[in-house]
Amino acid sequence: METAEKKSAFSELVFPVLVLIAICLVCSALLAVLNSVTAPVIEANEKAATLASYLEVLPEGTDAAALEEYADFSTGGIEGAVRTPEGVWAVKTAAAGYQGEMVTIYVSFDEGGAIAALSIDASTQTPGIGSHVGDDSFEAGFIGYSGDIAAGTPVDTYAGATYSSTAVFTALDAAVDCYNTELKGAA
């Protein structure tokens with residue numbers, strides 16, 4: 001026969017632990033169901049945002065449905081590329097900026113391999129400092145350039161935002177390299 005002490009120890013120590021374990025299992029199951037329901041929606045939203053960013057750097061009037069997607073590049077930092085039926089390429093690339101936060105860039109190239117347009121997402125960088133590498137005035141310095149990209153060529157680092165600027169140089173250099181070695185001439 002159980003003593004009052006054993007019943008008291010069970011009700012004070014073991015029972016609350018069992019209840020907490022049951023609550024955790026139910027919450028975990030609910031989170032798994034929620035994830036399975038929302039994952040396709042999140043993926044579709046991310047794909048739509050990426051497509052919109054590609055269209056931002058491609059010539060006006062580009063038909064999103066006609067774009068060919070490319071992936072699996074040997075050039076580091078390249079996350080994807082699209083090609084219009086007219087042969088215009090747009091590349092998505094990223095590099096680590098301040099505190100390892102990624103700076104994402106979409107860049108398109110003209111027939112000669114020069115940068116035709118670009119969009120720099122520096123929203124992960126320090127507001128008012130590193131975020132300035134996403135300003136139109138900074139981006140404009142790269143338009144028309146086709147050589148190796150580094151600090152001072154064609155644009156110098158943004159004052160006070162060396163890490164963010166270096167991320168832009170690294171990502172754009174990877175995009176130019178990918179275009180020249182993997183995309184140019186690809187059918």
# chains A, B, ... in the order shown; residues from 1 in each chain; ligands from 1
>>> residues_around(residues="region 121-131 of chain A", least_positions_apart="5", cutoff="10 Å", atoms="only C-alpha atoms", output="mmCIF file with C-alpha atoms, in the first residue's frame")
data_model
loop_
_atom_site.group_PDB
_atom_site.id
_atom_site.type_symbol
_atom_site.label_atom_id
_atom_site.label_comp_id
_atom_site.auth_asym_id
_atom_site.auth_seq_id
_atom_site.Cartn_x
_atom_site.Cartn_y
_atom_site.Cartn_z
ATOM 1 C CA SER A 53 13.650 41.822 -58.259
ATOM 2 C CA ALA A 94 25.006 37.838 -52.353
ATOM 3 C CA ALA A 96 28.429 38.868 -46.329
ATOM 4 C CA GLY A 97 28.559 42.464 -45.152
ATOM 5 C CA TYR A 98 28.701 43.940 -41.665
ATOM 6 C CA GLN A 99 28.407 41.305 -38.913
ATOM 7 C CA GLY A 100 28.031 38.608 -41.556
ATOM 8 C CA GLU A 101 24.632 39.865 -42.714
ATOM 9 C CA MET A 102 24.053 39.263 -46.419
ATOM 10 C CA VAL A 103 23.890 42.000 -49.036
ATOM 11 C CA THR A 104 21.836 40.720 -51.981
ATOM 12 C CA ILE A 105 22.295 42.093 -55.477
ATOM 13 C CA TYR A 106 20.399 41.638 -58.728
ATOM 14 C CA TYR A 158 31.269 54.138 -49.018
ATOM 15 C CA ALA A 159 32.798 56.146 -46.139
ATOM 16 C CA GLY A 160 32.199 54.383 -42.834
ATOM 17 C CA ALA A 161 30.735 51.310 -44.504
ATOM 18 C CA THR A 162 33.771 49.295 -45.525
ATOM 19 C CA TYR A 163 32.240 45.889 -44.766
ATOM 20 C CA SER A 164 29.035 46.712 -46.641
ATOM 21 C CA SER A 165 30.941 48.177 -49.589
ATOM 22 C CA ALA A 167 30.172 42.876 -49.798
ATOM 23 C CA VAL A 168 28.891 44.779 -52.841
#
>>> select_by_dssp(residues="region 51-170 of chain A", states="strand (DSSP E)", output="ChimeraX atom specification")
/A:68-70,78-83,89-96,102-109,115-121
>>> write_last_selection(atoms="C-alpha atoms", output="short mmCIF file (atom, residue, chain, number, x, y, z; two decimals), in the first residue's frame")
data_model
loop_
_atom_site.label_atom_id
_atom_site.label_comp_id
_atom_site.auth_asym_id
_atom_site.auth_seq_id
_atom_site.Cartn_x
_atom_site.Cartn_y
_atom_site.Cartn_z
CA GLU A 68 14.40 30.90 -68.29
CA GLU A 69 15.77 30.13 -64.83
CA TYR A 70 19.28 28.83 -64.27
CA ILE A 78 25.71 33.16 -57.18
CA GLU A 79 22.20 32.24 -56.08
CA GLY A 80 20.53 32.11 -59.49
CA ALA A 81 20.10 33.68 -62.90
CA VAL A 82 17.43 34.26 -65.51
CA ARG A 83 17.62 34.85 -69.24
CA TRP A 89 20.90 37.91 -68.43
CA ALA A 90 20.11 38.87 -64.83
CA VAL A 91 22.03 37.35 -61.94
CA LYS A 92 21.20 37.13 -58.24
CA THR A 93 24.24 37.18 -56.01
CA ALA A 94 25.01 37.84 -52.35
CA ALA A 95 27.97 38.38 -50.05
CA ALA A 96 28.43 38.87 -46.33
CA MET A 102 24.05 39.26 -46.42
CA VAL A 103 23.89 42.00 -49.04
CA THR A 104 21.84 40.72 -51.98
CA ILE A 105 22.30 42.09 -55.48
CA TYR A 106 20.40 41.64 -58.73
CA VAL A 107 22.40 42.68 -61.79
CA SER A 108 21.74 42.55 -65.53
CA PHE A 109 24.23 42.73 -68.36
CA ILE A 115 26.51 46.05 -66.11
CA ALA A 116 23.24 47.41 -67.51
CA ALA A 117 21.24 47.71 -64.29
CA LEU A 118 21.49 46.62 -60.69
CA SER A 119 19.56 46.61 -57.48
CA ILE A 120 21.35 46.34 -54.14
CA ASP A 121 19.41 45.20 -51.09
#
>>> atom_distance(atom1="CA of Phe142 (chain A)", atom2="CA of Glu86 (chain A)")
22.9 Å
>>> atom_distance(atom1="CA of Pro85 (chain A)", atom2="CA of Val57 (chain A)")
15.3 Å
>>> closest_residue(among="A:Phe10, A:Phe15, A:Phe169, A:Tyr54", to="Gly77 (chain A)", atoms="only C-alpha atoms")
A:Phe169
>>> closest_residue(among="A:Ala9, A:Ala174, A:Val88, A:Leu25", to="Leu58 (chain A)", atoms="only C-alpha atoms")
A:Val88
>>> residues_around(residues="Asn180 (chain A)", least_positions_apart="5", cutoff="12 Å", atoms="only C-alpha atoms", output="list in words")
Thr75, Trp89, Val91, Phe109, Asp110, Glu111, Gly112, Gly113, Ala114, Ile115, Ser146, Gly147, Asp148, Asp173, Ala174, Ala175, Gly185 and Ala186 of chain A
>>> atom_distance(atom1="CA of Ile143 (chain A)", atom2="CA of Glu56 (chain A)")
14.5 Å
